[in-house]
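> Got a file for you: query.pdb, PDB, C-alpha atoms.
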ATOM      1  CA  MET A   1     -49.154  -8.947  67.794  1.00  0.00           C
ATOM      2  CA  PRO A   2     -50.900 -10.332  64.677  1.00  0.00           C
ATOM      3  CA  ALA A   3     -50.477  -6.948  63.053  1.00  0.00           C
ATOM      4  CA  LEU A   4     -46.764  -6.946  63.921  1.00  0.00           C
ATOM      5  CA  GLU A   5     -46.282 -10.430  62.473  1.00  0.00           C
ATOM      6  CA  SER A   6     -48.037  -9.412  59.275  1.00  0.00           C
ATOM      7  CA  LEU A   7     -45.834  -6.366  59.035  1.00  0.00           C
ATOM      8  CA  LEU A   8     -42.680  -8.485  59.474  1.00  0.00           C
ATOM      9  CA  ARG A   9     -43.800 -10.920  56.782  1.00  0.00           C
ATOM     10  CA  LEU A  10     -44.479  -8.068  54.402  1.00  0.00           C
ATOM     11  CA  ALA A  11     -41.013  -6.634  55.084  1.00  0.00           C
ATOM     12  CA  LEU A  12     -39.384 -10.024  54.394  1.00  0.00           C
ATOM     13  CA  CYS A  13     -41.267 -10.352  51.107  1.00  0.00           C
ATOM     14  CA  ILE A  14     -40.172  -6.890  50.025  1.00  0.00           C
ATOM     15  CA  CYS A  15     -36.535  -7.690  50.900  1.00  0.00           C
ATOM     16  CA  ALA A  16     -36.710 -10.931  48.913  1.00  0.00           C
ATOM     17  CA  LEU A  17     -38.105  -9.124  45.882  1.00  0.00           C
ATOM     18  CA  LEU A  18     -35.417  -6.469  46.082  1.00  0.00           C
ATOM     19  CA  ALA A  19     -32.685  -9.105  46.381  1.00  0.00           C
ATOM     20  CA  TRP A  20     -33.863 -11.150  43.386  1.00  0.00           C
ATOM     21  CA  PRO A  21     -32.369  -8.948  40.624  1.00  0.00           C
ATOM     22  CA  GLY A  22     -29.045  -8.985  42.459  1.00  0.00           C
ATOM     23  CA  ILE A  23     -29.054 -12.780  42.565  1.00  0.00           C
ATOM     24  CA  ALA A  24     -29.804 -13.005  38.854  1.00  0.00           C
ATOM     25  CA  GLY A  25     -27.143 -10.449  38.032  1.00  0.00           C
ATOM     26  CA  ALA A  26     -24.574 -12.395  40.049  1.00  0.00           C
ATOM     27  CA  GLN A  27     -24.844 -15.401  37.709  1.00  0.00           C
ATOM     28  CA  GLU A  28     -21.545 -15.885  35.907  1.00  0.00           C
ATOM     29  CA  LEU A  29     -21.328 -15.163  32.204  1.00  0.00           C
ATOM     30  CA  LEU A  30     -20.518 -17.961  29.800  1.00  0.00           C
ATOM     31  CA  PRO A  31     -16.739 -17.918  29.207  1.00  0.00           C
ATOM     32  CA  VAL A  32     -15.528 -17.185  25.693  1.00  0.00           C
ATOM     33  CA  PRO A  33     -14.025 -20.403  24.287  1.00  0.00           C
ATOM     34  CA  PRO A  34     -10.523 -20.294  22.804  1.00  0.00           C
ATOM     35  CA  LEU A  35     -10.382 -19.786  19.057  1.00  0.00           C
ATOM     36  CA  THR A  36      -8.984 -23.173  18.029  1.00  0.00           C
ATOM     37  CA  ALA A  37     -10.682 -23.697  14.649  1.00  0.00           C
ATOM     38  CA  ARG A  38     -12.998 -22.093  12.117  1.00  0.00           C
ATOM     39  CA  VAL A  39     -15.797 -24.379  13.325  1.00  0.00           C
ATOM     40  CA  ILE A  40     -16.230 -24.791  17.083  1.00  0.00           C
ATOM     41  CA  ASP A  41     -19.097 -27.078  18.067  1.00  0.00           C
ATOM     42  CA  GLN A  42     -19.590 -27.366  21.833  1.00  0.00           C
ATOM     43  CA  THR A  43     -22.825 -29.316  21.377  1.00  0.00           C
ATOM     44  CA  VAL A  44     -21.485 -32.163  19.193  1.00  0.00           C
ATOM     45  CA  THR A  45     -24.304 -31.361  16.771  1.00  0.00           C
ATOM     46  CA  LEU A  46     -22.122 -31.774  13.681  1.00  0.00           C
ATOM     47  CA  SER A  47     -20.504 -35.063  12.805  1.00  0.00           C
ATOM     48  CA  SER A  48     -16.745 -35.140  12.348  1.00  0.00           C
ATOM     49  CA  GLY A  49     -17.223 -35.334   8.573  1.00  0.00           C
ATOM     50  CA  GLU A  50     -19.634 -32.392   8.514  1.00  0.00           C
ATOM     51  CA  ARG A  51     -17.354 -30.320  10.702  1.00  0.00           C
ATOM     52  CA  GLN A  52     -14.295 -31.135   8.572  1.00  0.00           C
ATOM     53  CA  ALA A  53     -16.096 -30.334   5.315  1.00  0.00           C
ATOM     54  CA  LEU A  54     -17.266 -26.982   6.689  1.00  0.00           C
ATOM     55  CA  GLU A  55     -13.795 -26.240   8.037  1.00  0.00           C
ATOM     56  CA  GLN A  56     -12.277 -26.868   4.605  1.00  0.00           C
ATOM     57  CA  LYS A  57     -14.871 -24.650   2.932  1.00  0.00           C
ATOM     58  CA  LEU A  58     -14.128 -21.781   5.313  1.00  0.00           C
ATOM     59  CA  ALA A  59     -10.357 -22.246   4.945  1.00  0.00           C
ATOM     60  CA  ALA A  60     -10.586 -22.156   1.139  1.00  0.00           C
ATOM     61  CA  PHE A  61     -12.750 -19.033   1.307  1.00  0.00           C
ATOM     62  CA  GLU A  62     -10.290 -17.326   3.634  1.00  0.00           C
ATOM     63  CA  THR A  63      -7.367 -18.240   1.369  1.00  0.00           C
ATOM     64  CA  GLY A  64      -9.111 -16.980  -1.739  1.00  0.00           C
ATOM     65  CA  ARG A  65     -10.849 -13.870  -0.433  1.00  0.00           C
ATOM     66  CA  GLY A  66      -8.967 -12.957   2.737  1.00  0.00           C
ATOM     67  CA  SER A  67     -12.109 -12.556   4.842  1.00  0.00           C
ATOM     68  CA  GLN A  68     -12.395 -14.879   7.824  1.00  0.00           C
ATOM     69  CA  LEU A  69     -15.654 -16.579   8.801  1.00  0.00           C
ATOM     70  CA  VAL A  70     -15.978 -18.575  12.035  1.00  0.00           C
ATOM     71  CA  VAL A  71     -18.901 -20.721  13.204  1.00  0.00           C
ATOM     72  CA  LEU A  72     -19.559 -21.204  16.933  1.00  0.00           C
ATOM     73  CA  ILE A  73     -22.238 -23.575  18.240  1.00  0.00           C
ATOM     74  CA  VAL A  74     -23.043 -23.472  21.973  1.00  0.00           C
ATOM     75  CA  PRO A  75     -25.883 -25.001  24.008  1.00  0.00           C
ATOM     76  CA  THR A  76     -26.969 -21.659  25.456  1.00  0.00           C
ATOM     77  CA  THR A  77     -25.712 -18.116  25.981  1.00  0.00           C
ATOM     78  CA  ALA A  78     -27.531 -17.644  29.313  1.00  0.00           C
ATOM     79  CA  PRO A  79     -27.558 -15.427  31.293  1.00  0.00           C
ATOM     80  CA  GLU A  80     -26.790 -13.150  28.317  1.00  0.00           C
ATOM     81  CA  ASP A  81     -28.871 -12.852  25.221  1.00  0.00           C
ATOM     82  CA  ILE A  82     -27.178 -14.093  22.079  1.00  0.00           C
ATOM     83  CA  ALA A  83     -26.419 -10.577  20.801  1.00  0.00           C
ATOM     84  CA  ALA A  84     -24.404  -9.646  23.896  1.00  0.00           C
ATOM     85  CA  PHE A  85     -22.599 -12.989  23.925  1.00  0.00           C
ATOM     86  CA  ALA A  86     -21.730 -12.850  20.202  1.00  0.00           C
ATOM     87  CA  ASN A  87     -20.455  -9.296  20.581  1.00  0.00           C
ATOM     88  CA  ARG A  88     -18.236 -10.375  23.486  1.00  0.00           C
ATOM     89  CA  VAL A  89     -16.864 -13.327  21.516  1.00  0.00           C
ATOM     90  CA  ALA A  90     -16.159 -11.187  18.443  1.00  0.00           C
ATOM     91  CA  ALA A  91     -14.401  -8.568  20.558  1.00  0.00           C
ATOM     92  CA  GLU A  92     -12.117 -11.183  22.117  1.00  0.00           C
ATOM     93  CA  TRP A  93     -11.392 -13.250  19.025  1.00  0.00           C
ATOM     94  CA  LYS A  94     -10.810 -10.298  16.679  1.00  0.00           C
ATOM     95  CA  ILE A  95     -11.298 -12.461  13.597  1.00  0.00           C
ATOM     96  CA  GLY A  96     -10.593 -11.128  10.122  1.00  0.00           C
ATOM     97  CA  ARG A  97      -7.652  -9.141   8.826  1.00  0.00           C
ATOM     98  CA  ARG A  98      -6.659  -6.446  11.274  1.00  0.00           C
ATOM     99  CA  ASP A  99      -5.907  -3.852   8.595  1.00  0.00           C
ATOM    100  CA  VAL A 100      -9.164  -4.580   6.719  1.00  0.00           C
ATOM    101  CA  GLY A 101     -11.658  -5.532   9.434  1.00  0.00           C
ATOM    102  CA  ASP A 102     -13.443  -8.238   7.476  1.00  0.00           C
ATOM    103  CA  GLY A 103     -14.366 -10.908  10.019  1.00  0.00           C
ATOM    104  CA  LEU A 104     -17.714 -12.703  10.245  1.00  0.00           C
ATOM    105  CA  LEU A 105     -18.999 -14.684  13.205  1.00  0.00           C
ATOM    106  CA  LEU A 106     -21.980 -17.035  13.042  1.00  0.00           C
ATOM    107  CA  VAL A 107     -23.209 -18.046  16.515  1.00  0.00           C
ATOM    108  CA  VAL A 108     -25.804 -20.759  17.072  1.00  0.00           C
ATOM    109  CA  ALA A 109     -27.315 -21.188  20.563  1.00  0.00           C
ATOM    110  CA  LYS A 110     -28.945 -24.557  19.975  1.00  0.00           C
ATOM    111  CA  ASN A 111     -31.034 -24.944  23.135  1.00  0.00           C
ATOM    112  CA  ASP A 112     -32.099 -21.293  23.031  1.00  0.00           C
ATOM    113  CA  ARG A 113     -33.162 -21.619  19.367  1.00  0.00           C
ATOM    114  CA  ARG A 114     -31.282 -18.449  18.549  1.00  0.00           C
ATOM    115  CA  VAL A 115     -28.850 -17.535  15.760  1.00  0.00           C
ATOM    116  CA  ARG A 116     -26.706 -14.428  15.493  1.00  0.00           C
ATOM    117  CA  ILE A 117     -24.396 -13.019  12.805  1.00  0.00           C
ATOM    118  CA  GLU A 118     -21.709 -10.584  13.955  1.00  0.00           C
ATOM    119  CA  VAL A 119     -20.149  -8.473  11.209  1.00  0.00           C
ATOM    120  CA  ALA A 120     -16.875  -6.537  11.285  1.00  0.00           C
ATOM    121  CA  ARG A 121     -16.800  -2.931  10.131  1.00  0.00           C
ATOM    122  CA  ALA A 122     -15.576  -3.538   6.553  1.00  0.00           C
ATOM    123  CA  LEU A 123     -18.474  -5.913   5.855  1.00  0.00           C
ATOM    124  CA  GLU A 124     -21.299  -3.852   7.334  1.00  0.00           C
ATOM    125  CA  GLY A 125     -22.206  -2.721   3.823  1.00  0.00           C
ATOM    126  CA  ALA A 126     -22.135  -6.257   2.427  1.00  0.00           C
ATOM    127  CA  VAL A 127     -24.052  -7.795   5.337  1.00  0.00           C
ATOM    128  CA  PRO A 128     -26.285  -5.123   6.925  1.00  0.00           C
ATOM    129  CA  ASP A 129     -28.690  -6.040   9.717  1.00  0.00           C
ATOM    130  CA  LEU A 130     -31.567  -6.666   7.311  1.00  0.00           C
ATOM    131  CA  ALA A 131     -29.462  -8.993   5.148  1.00  0.00           C
ATOM    132  CA  ALA A 132     -28.272 -10.884   8.223  1.00  0.00           C
ATOM    133  CA  PHE A 133     -31.885 -11.286   9.345  1.00  0.00           C
ATOM    134  CA  HIS A 134     -32.903 -12.634   5.932  1.00  0.00           C
ATOM    135  CA  ILE A 135     -30.013 -15.106   5.879  1.00  0.00           C
ATOM    136  CA  ILE A 136     -31.010 -16.422   9.305  1.00  0.00           C
ATOM    137  CA  ASP A 137     -34.729 -16.439   8.550  1.00  0.00           C
ATOM    138  CA  ARG A 138     -34.639 -17.846   5.021  1.00  0.00           C
ATOM    139  CA  ALA A 139     -31.466 -19.938   4.788  1.00  0.00           C
ATOM    140  CA  ILE A 140     -30.630 -21.186   8.292  1.00  0.00           C
ATOM    141  CA  THR A 141     -33.825 -21.453  10.337  1.00  0.00           C
ATOM    142  CA  PRO A 142     -35.917 -23.545   7.881  1.00  0.00           C
ATOM    143  CA  ALA A 143     -33.302 -26.317   7.889  1.00  0.00           C
ATOM    144  CA  PHE A 144     -32.932 -26.103  11.678  1.00  0.00           C
ATOM    145  CA  ARG A 145     -36.678 -26.650  12.096  1.00  0.00           C
ATOM    146  CA  GLU A 146     -36.290 -29.930  10.221  1.00  0.00           C
ATOM    147  CA  GLY A 147     -33.335 -30.972  12.374  1.00  0.00           C
ATOM    148  CA  ARG A 148     -30.830 -30.467   9.534  1.00  0.00           C
ATOM    149  CA  PHE A 149     -28.347 -28.343  11.394  1.00  0.00           C
ATOM    150  CA  ALA A 150     -25.354 -28.970   9.114  1.00  0.00           C
ATOM    151  CA  ALA A 151     -27.431 -28.039   6.059  1.00  0.00           C
ATOM    152  CA  GLY A 152     -28.723 -24.881   7.726  1.00  0.00           C
ATOM    153  CA  ILE A 153     -25.258 -23.730   8.760  1.00  0.00           C
ATOM    154  CA  GLU A 154     -23.847 -24.481   5.305  1.00  0.00           C
ATOM    155  CA  ALA A 155     -26.684 -22.541   3.655  1.00  0.00           C
ATOM    156  CA  GLY A 156     -26.008 -19.568   5.920  1.00  0.00           C
ATOM    157  CA  VAL A 157     -22.278 -19.750   5.264  1.00  0.00           C
ATOM    158  CA  GLU A 158     -22.835 -19.872   1.496  1.00  0.00           C
ATOM    159  CA  ALA A 159     -25.141 -16.843   1.659  1.00  0.00           C
ATOM    160  CA  LEU A 160     -22.570 -14.890   3.674  1.00  0.00           C
ATOM    161  CA  MET A 161     -19.764 -15.871   1.294  1.00  0.00           C
ATOM    162  CA  ALA A 162     -21.812 -14.725  -1.698  1.00  0.00           C
ATOM    163  CA  ARG A 163     -22.298 -11.301  -0.136  1.00  0.00           C
ATOM    164  CA  VAL A 164     -18.606 -10.965   0.727  1.00  0.00           C
ATOM    165  CA  ARG A 165     -17.602 -11.908  -2.834  1.00  0.00           C
ATOM    166  CA  GLY A 166     -19.733  -9.050  -4.102  1.00  0.00           C
ATOM    167  CA  GLU A 167     -17.884  -6.565  -1.920  1.00  0.00           C
ATOM    168  CA  ASN A 168     -14.849  -4.711  -3.268  1.00  0.00           C
ATOM    169  CA  LEU A 169     -12.363  -5.821  -0.611  1.00  0.00           C
ATOM    170  CA  PRO A 170      -8.608  -6.230  -1.128  1.00  0.00           C
ATOM    171  CA  LEU A 171      -7.668  -9.798  -1.960  1.00  0.00           C
ATOM    172  CA  PRO A 172      -5.008 -11.545   0.126  1.00  0.00           C
ATOM    173  CA  GLU A 173      -1.475 -10.959  -1.027  1.00  0.00           C
ATOM    174  CA  PRO A 174       0.098 -13.945  -2.826  1.00  0.00           C
ATOM    175  CA  GLU A 175       2.665 -15.813  -0.825  1.00  0.00           C
ATOM    176  CA  THR A 176       6.182 -14.634  -1.555  1.00  0.00           C
ATOM    177  CA  ARG A 177       9.193 -16.863  -1.409  1.00  0.00           C
ATOM    178  CA  ASP A 178      12.640 -15.987  -0.246  1.00  0.00           C
ATOM    179  CA  SER A 179      14.762 -14.570  -3.059  1.00  0.00           C
ATOM    180  CA  GLY A 180      17.263 -17.439  -2.678  1.00  0.00           C
ATOM    181  CA  GLY A 181      14.581 -20.092  -3.146  1.00  0.00           C
ATOM    182  CA  PHE A 182      12.993 -21.651  -6.201  1.00  0.00           C
ATOM    183  CA  GLY A 183       9.369 -20.746  -6.765  1.00  0.00           C
ATOM    184  CA  SER A 184       8.665 -21.541 -10.404  1.00  0.00           C
ATOM    185  CA  LEU A 185       9.222 -24.092 -13.141  1.00  0.00           C
ATOM    186  CA  GLN A 186      11.667 -21.710 -14.796  1.00  0.00           C
ATOM    187  CA  ASP A 187      13.790 -21.676 -11.646  1.00  0.00           C
ATOM    188  CA  ILE A 188      13.792 -25.467 -11.552  1.00  0.00           C
ATOM    189  CA  ALA A 189      14.705 -25.691 -15.231  1.00  0.00           C
ATOM    190  CA  VAL A 190      17.662 -23.325 -14.792  1.00  0.00           C
ATOM    191  CA  PHE A 191      18.649 -25.235 -11.655  1.00  0.00           C
ATOM    192  CA  ILE A 192      18.780 -28.511 -13.613  1.00  0.00           C
ATOM    193  CA  MET A 193      20.343 -27.191 -16.828  1.00  0.00           C
ATOM    194  CA  PHE A 194      23.294 -25.457 -15.199  1.00  0.00           C
ATOM    195  CA  GLY A 195      23.824 -27.425 -12.014  1.00  0.00           C
ATOM    196  CA  VAL A 196      23.339 -30.973 -13.198  1.00  0.00           C
ATOM    197  CA  PRO A 197      25.961 -30.988 -15.992  1.00  0.00           C
ATOM    198  CA  ILE A 198      28.653 -29.636 -13.697  1.00  0.00           C
ATOM    199  CA  VAL A 199      27.980 -31.909 -10.732  1.00  0.00           C
ATOM    200  CA  GLY A 200      27.048 -34.822 -12.964  1.00  0.00           C
ATOM    201  CA  GLY A 201      30.294 -34.540 -14.913  1.00  0.00           C
ATOM    202  CA  MET A 202      32.325 -34.696 -11.717  1.00  0.00           C
ATOM    203  CA  LEU A 203      30.406 -37.686 -10.339  1.00  0.00           C
ATOM    204  CA  VAL A 204      30.497 -39.575 -13.656  1.00  0.00           C
ATOM    205  CA  ALA A 205      34.264 -39.093 -13.789  1.00  0.00           C
ATOM    206  CA  ILE A 206      34.587 -40.545 -10.284  1.00  0.00           C
ATOM    207  CA  LEU A 207      31.882 -43.234 -10.196  1.00  0.00           C
ATOM    208  CA  GLY A 208      31.209 -44.090 -13.798  1.00  0.00           C
ATOM    209  CA  ARG A 209      28.192 -43.245 -15.941  1.00  0.00           C
ATOM    210  CA  LYS A 210      25.446 -45.271 -14.218  1.00  0.00           C
ATOM    211  CA  LEU A 211      26.495 -44.704 -10.627  1.00  0.00           C
ATOM    212  CA  GLY A 212      27.359 -41.090 -11.392  1.00  0.00           C
ATOM    213  CA  ALA A 213      23.903 -40.506 -12.889  1.00  0.00           C
ATOM    214  CA  LEU A 214      22.264 -42.170  -9.901  1.00  0.00           C
ATOM    215  CA  ALA A 215      24.301 -40.111  -7.453  1.00  0.00           C
ATOM    216  CA  THR A 216      23.520 -36.911  -9.379  1.00  0.00           C
ATOM    217  CA  GLY A 217      19.808 -37.664  -9.258  1.00  0.00           C
ATOM    218  CA  GLY A 218      19.979 -38.315  -5.527  1.00  0.00           C
ATOM    219  CA  VAL A 219      21.920 -35.123  -4.792  1.00  0.00           C
ATOM    220  CA  PHE A 220      19.692 -32.844  -6.842  1.00  0.00           C
ATOM    221  CA  GLY A 221      16.502 -34.561  -5.686  1.00  0.00           C
ATOM    222  CA  LEU A 222      17.483 -33.976  -2.065  1.00  0.00           C
ATOM    223  CA  LEU A 223      18.451 -30.353  -2.732  1.00  0.00           C
ATOM    224  CA  ALA A 224      15.171 -29.711  -4.556  1.00  0.00           C
ATOM    225  CA  LYS A 225      13.184 -31.269  -1.712  1.00  0.00           C
ATOM    226  CA  LEU A 226      14.938 -29.031   0.842  1.00  0.00           C
ATOM    227  CA  LEU A 227      14.609 -25.867  -1.251  1.00  0.00           C
ATOM    228  CA  LEU A 228      11.051 -26.393  -2.484  1.00  0.00           C
ATOM    229  CA  GLY A 229       9.687 -28.082   0.612  1.00  0.00           C
ATOM    230  CA  SER A 230       7.996 -30.779  -1.473  1.00  0.00           C
ATOM    231  CA  LEU A 231       8.918 -34.458  -1.582  1.00  0.00           C
ATOM    232  CA  VAL A 232       7.084 -34.899  -4.894  1.00  0.00           C
ATOM    233  CA  LEU A 233       8.954 -32.049  -6.603  1.00  0.00           C
ATOM    234  CA  GLY A 234      12.206 -33.319  -5.146  1.00  0.00           C
ATOM    235  CA  ALA A 235      11.553 -36.766  -6.641  1.00  0.00           C
ATOM    236  CA  ILE A 236      10.734 -35.219 -10.032  1.00  0.00           C
ATOM    237  CA  VAL A 237      13.935 -33.173 -10.071  1.00  0.00           C
ATOM    238  CA  GLY A 238      15.955 -36.210  -9.007  1.00  0.00           C
ATOM    239  CA  VAL A 239      14.530 -38.355 -11.806  1.00  0.00           C
ATOM    240  CA  LEU A 240      15.125 -35.609 -14.385  1.00  0.00           C
ATOM    241  CA  ALA A 241      18.712 -35.171 -13.239  1.00  0.00           C
ATOM    242  CA  PHE A 242      19.307 -38.933 -13.399  1.00  0.00           C
ATOM    243  CA  ILE A 243      17.887 -39.191 -16.943  1.00  0.00           C
ATOM    244  CA  PHE A 244      19.825 -36.107 -18.088  1.00  0.00           C
ATOM    245  CA  VAL A 245      23.172 -37.532 -17.002  1.00  0.00           C
ATOM    246  CA  LEU A 246      22.462 -41.126 -18.003  1.00  0.00           C
ATOM    247  CA  VAL A 247      20.911 -40.517 -21.427  1.00  0.00           C
ATOM    248  CA  LEU A 248      22.165 -37.164 -22.627  1.00  0.00           C
ATOM    249  CA  GLY A 249      25.518 -37.185 -20.935  1.00  0.00           C
ATOM    250  CA  THR A 250      27.299 -34.190 -19.504  1.00  0.00           C
TER     251      THR A 250
END
Starting from the file, lay out its structure as structure tokens.


Amino acid sequence: MPALESLLRLALCICALLAWPGIAGAQELLPVPPLTARVIDQTVTLSSGERQALEQKLAAFETGRGSQLVVLIVPTTAPEDIAAFANRVAAEWKIGRRDVGDGLLLVVAKNDRRVRIEVARALEGAVPDLAAFHIIDRAITPAFREGRFAAGIEAGVEALMARVRGENLPLPEPETRDSGGFGSLQDIAVFIMFGVPIVGGMLVAILGRKLGALATGGVFGLLAKLLLGSLVLGAIVGVLAFIFVLVLGT
């Protein structure tokens, strides 16, 4: 009997050891967070001011260069290592321009003390694995060791931006306006010179010089605001139209 009991215990131990990898593998993966900003901090490591400043820096870089850079800070990537998690996030978010493939993802797993840079295909020459390692090791990690997480992330972002600027990538296309709109000072000048005298003359004839000038300024200021989408430009056009009719006449 003692031999049988020993045999049963040994069998139970073997079964437990065989089951252990299955239990570990059954642990759910960390869900990929929605892409709601260029800086996503799930650890509240950055202050609101630090996060906003970094967000503005990344937005300006994206506007000027076209390449998109996103920072993600999580407590941990367990049960995955940070490389697998970052790859899964990059695959789901698909950051960067689709036709260029110039997205960059900086992942910080704070509690794991791990940092990862994921690079899209067009930037693999600008940020190869060795360069990414140097950026993490020399720019980011030293500041992290001192507890200066915002400084470390900013240093890493600046290093990545510098490498992207050195790459010969297509710049973003300038915004185009509808052909019926007004997109330049010349358009505004023509708008005032030809429209104001006609409308101003009619309103002056009906309302008198002062009221006619005021009405002309209001009409053209409102039209400029609607066409240009700017309250400031609308006010400027309105004032110019008022002065034109009041001082110079029609």

> Of the candidates A:Ala37, A:Leu231, A:Ala59, A:Val32, which shows the shortest atom-to-atom distance to Ala86 in chain A, using only C-alpha atoms?

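Looking only at the distances to Ala86 in chain A, the closest residue turns out to be A:Val32.
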
> Can you tell me which residues surround Ile140 in chain A at a distance of at most 7 Å, considering only C-alpha atoms, apart from same-chain residues fewer than 4 positions away, and format the answer as a list in words?

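The residues satisfying every condition are Ile135, Ile136, Phe144, Gly152, Ile153, Ala155 and Gly156 of chain A.
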
> Evaluate the PyMOL selection byres ((chain A and resi 162) around 12) against this structure - the residues, as number ranges by chain, please.

A: 61, 65, 67, 126-127, 131, 135, 155-161, 163-167

> Got time to write the residues from that selection, C-alpha atoms, as a compact mmCIF listing (two decimals), in the coordinates of the input?


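Full text of part06.txt as output:
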# COMPACT_ATOMS: atom_id res chain seq x y z
CA PHE A 61 -12.75 -19.03 1.31
CA ARG A 65 -10.85 -13.87 -0.43
CA SER A 67 -12.11 -12.56 4.84
CA ALA A 126 -22.14 -6.26 2.43
CA VAL A 127 -24.05 -7.80 5.34
CA ALA A 131 -29.46 -8.99 5.15
CA ILE A 135 -30.01 -15.11 5.88
CA ALA A 155 -26.68 -22.54 3.66
CA GLY A 156 -26.01 -19.57 5.92
CA VAL A 157 -22.28 -19.75 5.26
CA GLU A 158 -22.84 -19.87 1.50
CA ALA A 159 -25.14 -16.84 1.66
CA LEU A 160 -22.57 -14.89 3.67
CA MET A 161 -19.76 -15.87 1.29
CA ARG A 163 -22.30 -11.30 -0.14
CA VAL A 164 -18.61 -10.96 0.73
CA ARG A 165 -17.60 -11.91 -2.83
CA GLY A 166 -19.73 -9.05 -4.10
CA GLU A 167 -17.88 -6.56 -1.92

> Pick out the residues sitting within 12 Å of range 201-217 of chain A, and hand them over as a list in words; count all atoms listed in the file, and ignore anything fewer than 3 positions along from it in its own chain.

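My reading of the contact set: Ile192, Phe194, Gly195, Val196, Pro197, Ile198, Phe220, Gly221, Leu222, Leu223, Ala224, Lys225, Gly234, Ala235, Ile236, Val237, Gly238, Val239, Leu240, Ala241, Phe242, Ile243, Phe244, Val245, Leu246, Val247, Leu248, Gly249 and Thr250 of chain A.
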
> Could you turn the residues from that selection into a file that holds C-alpha atoms, as a PDB file, in the frame of the given file?


ATOM      1  CA  ILE A 192      18.780 -28.511 -13.613  1.00  0.00           C
ATOM      2  CA  PHE A 194      23.294 -25.457 -15.199  1.00  0.00           C
ATOM      3  CA  GLY A 195      23.824 -27.425 -12.014  1.00  0.00           C
ATOM      4  CA  VAL A 196      23.339 -30.973 -13.198  1.00  0.00           C
ATOM      5  CA  PRO A 197      25.961 -30.988 -15.992  1.00  0.00           C
ATOM      6  CA  ILE A 198      28.653 -29.636 -13.697  1.00  0.00           C
ATOM      7  CA  PHE A 220      19.692 -32.844  -6.842  1.00  0.00           C
ATOM      8  CA  GLY A 221      16.502 -34.561  -5.686  1.00  0.00           C
ATOM      9  CA  LEU A 222      17.483 -33.976  -2.065  1.00  0.00           C
ATOM     10  CA  LEU A 223      18.451 -30.353  -2.732  1.00  0.00           C
ATOM     11  CA  ALA A 224      15.171 -29.711  -4.556  1.00  0.00           C
ATOM     12  CA  LYS A 225      13.184 -31.269  -1.712  1.00  0.00           C
ATOM     13  CA  GLY A 234      12.206 -33.319  -5.146  1.00  0.00           C
ATOM     14  CA  ALA A 235      11.553 -36.766  -6.641  1.00  0.00           C
ATOM     15  CA  ILE A 236      10.734 -35.219 -10.032  1.00  0.00           C
ATOM     16  CA  VAL A 237      13.935 -33.173 -10.071  1.00  0.00           C
ATOM     17  CA  GLY A 238      15.955 -36.210  -9.007  1.00  0.00           C
ATOM     18  CA  VAL A 239      14.530 -38.355 -11.806  1.00  0.00           C
ATOM     19  CA  LEU A 240      15.125 -35.609 -14.385  1.00  0.00           C
ATOM     20  CA  ALA A 241      18.712 -35.171 -13.239  1.00  0.00           C
ATOM     21  CA  PHE A 242      19.307 -38.933 -13.399  1.00  0.00           C
ATOM     22  CA  ILE A 243      17.887 -39.191 -16.943  1.00  0.00           C
ATOM     23  CA  PHE A 244      19.825 -36.107 -18.088  1.00  0.00           C
ATOM     24  CA  VAL A 245      23.172 -37.532 -17.002  1.00  0.00           C
ATOM     25  CA  LEU A 246      22.462 -41.126 -18.003  1.00  0.00           C
ATOM     26  CA  VAL A 247      20.911 -40.517 -21.427  1.00  0.00           C
ATOM     27  CA  LEU A 248      22.165 -37.164 -22.627  1.00  0.00           C
ATOM     28  CA  GLY A 249      25.518 -37.185 -20.935  1.00  0.00           C
ATOM     29  CA  THR A 250      27.299 -34.190 -19.504  1.00  0.00           C
TER      30      THR A 250
END

> Can you build me a table of range 71-145 of chain A residues sitting at most 9 Å from range 168-171 of chain A, with the closest atom pair per residue and its distance in Å to one decimal, using only C-alpha atoms, sorted by chain and residue number, as a Markdown table?


| residue | atom | partner | partner_atom | distance |
| --- | --- | --- | --- | --- |
| A:Val100 | CA | A:Pro170 | CA | 8.0 |
| A:Asp102 | CA | A:Leu169 | CA | 8.5 |
| A:Ala122 | CA | A:Leu169 | CA | 8.2 |
| A:Leu123 | CA | A:Leu169 | CA | 8.9 |

> May I ask for the distance between CA of Ile73 in chain A and CA of Val108 in chain A, given in Å to one decimal place?

4.7 Å

> Residue by residue, what does the PyMOL selection byres ((chain A and resi 55) around 10) grab here? Present the result as a short mmCIF file (atom, residue, chain, number, x, y, z; two decimals) with C-alpha atoms, in the frame of the given file.


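That gives us selection-v6.cif:
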data_model
loop_
_atom_site.label_atom_id
_atom_site.label_comp_id
_atom_site.auth_asym_id
_atom_site.auth_seq_id
_atom_site.Cartn_x
_atom_site.Cartn_y
_atom_site.Cartn_z
CA ALA A 37 -10.68 -23.70 14.65
CA ARG A 38 -13.00 -22.09 12.12
CA VAL A 39 -15.80 -24.38 13.32
CA ILE A 40 -16.23 -24.79 17.08
CA GLY A 49 -17.22 -35.33 8.57
CA GLU A 50 -19.63 -32.39 8.51
CA ARG A 51 -17.35 -30.32 10.70
CA GLN A 52 -14.30 -31.14 8.57
CA ALA A 53 -16.10 -30.33 5.32
CA LEU A 54 -17.27 -26.98 6.69
CA GLN A 56 -12.28 -26.87 4.61
CA LYS A 57 -14.87 -24.65 2.93
CA LEU A 58 -14.13 -21.78 5.31
CA ALA A 59 -10.36 -22.25 4.94
CA ALA A 60 -10.59 -22.16 1.14
CA PHE A 61 -12.75 -19.03 1.31
CA LEU A 69 -15.65 -16.58 8.80
CA VAL A 70 -15.98 -18.58 12.04
CA VAL A 71 -18.90 -20.72 13.20
#

> For CA of Lys110 in chain A and CA of Pro75 in chain A, quote the distance in Å rounded to one decimal.

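Separating CA of Lys110 in chain A from CA of Pro75 in chain A is a distance of 5.1 Å.
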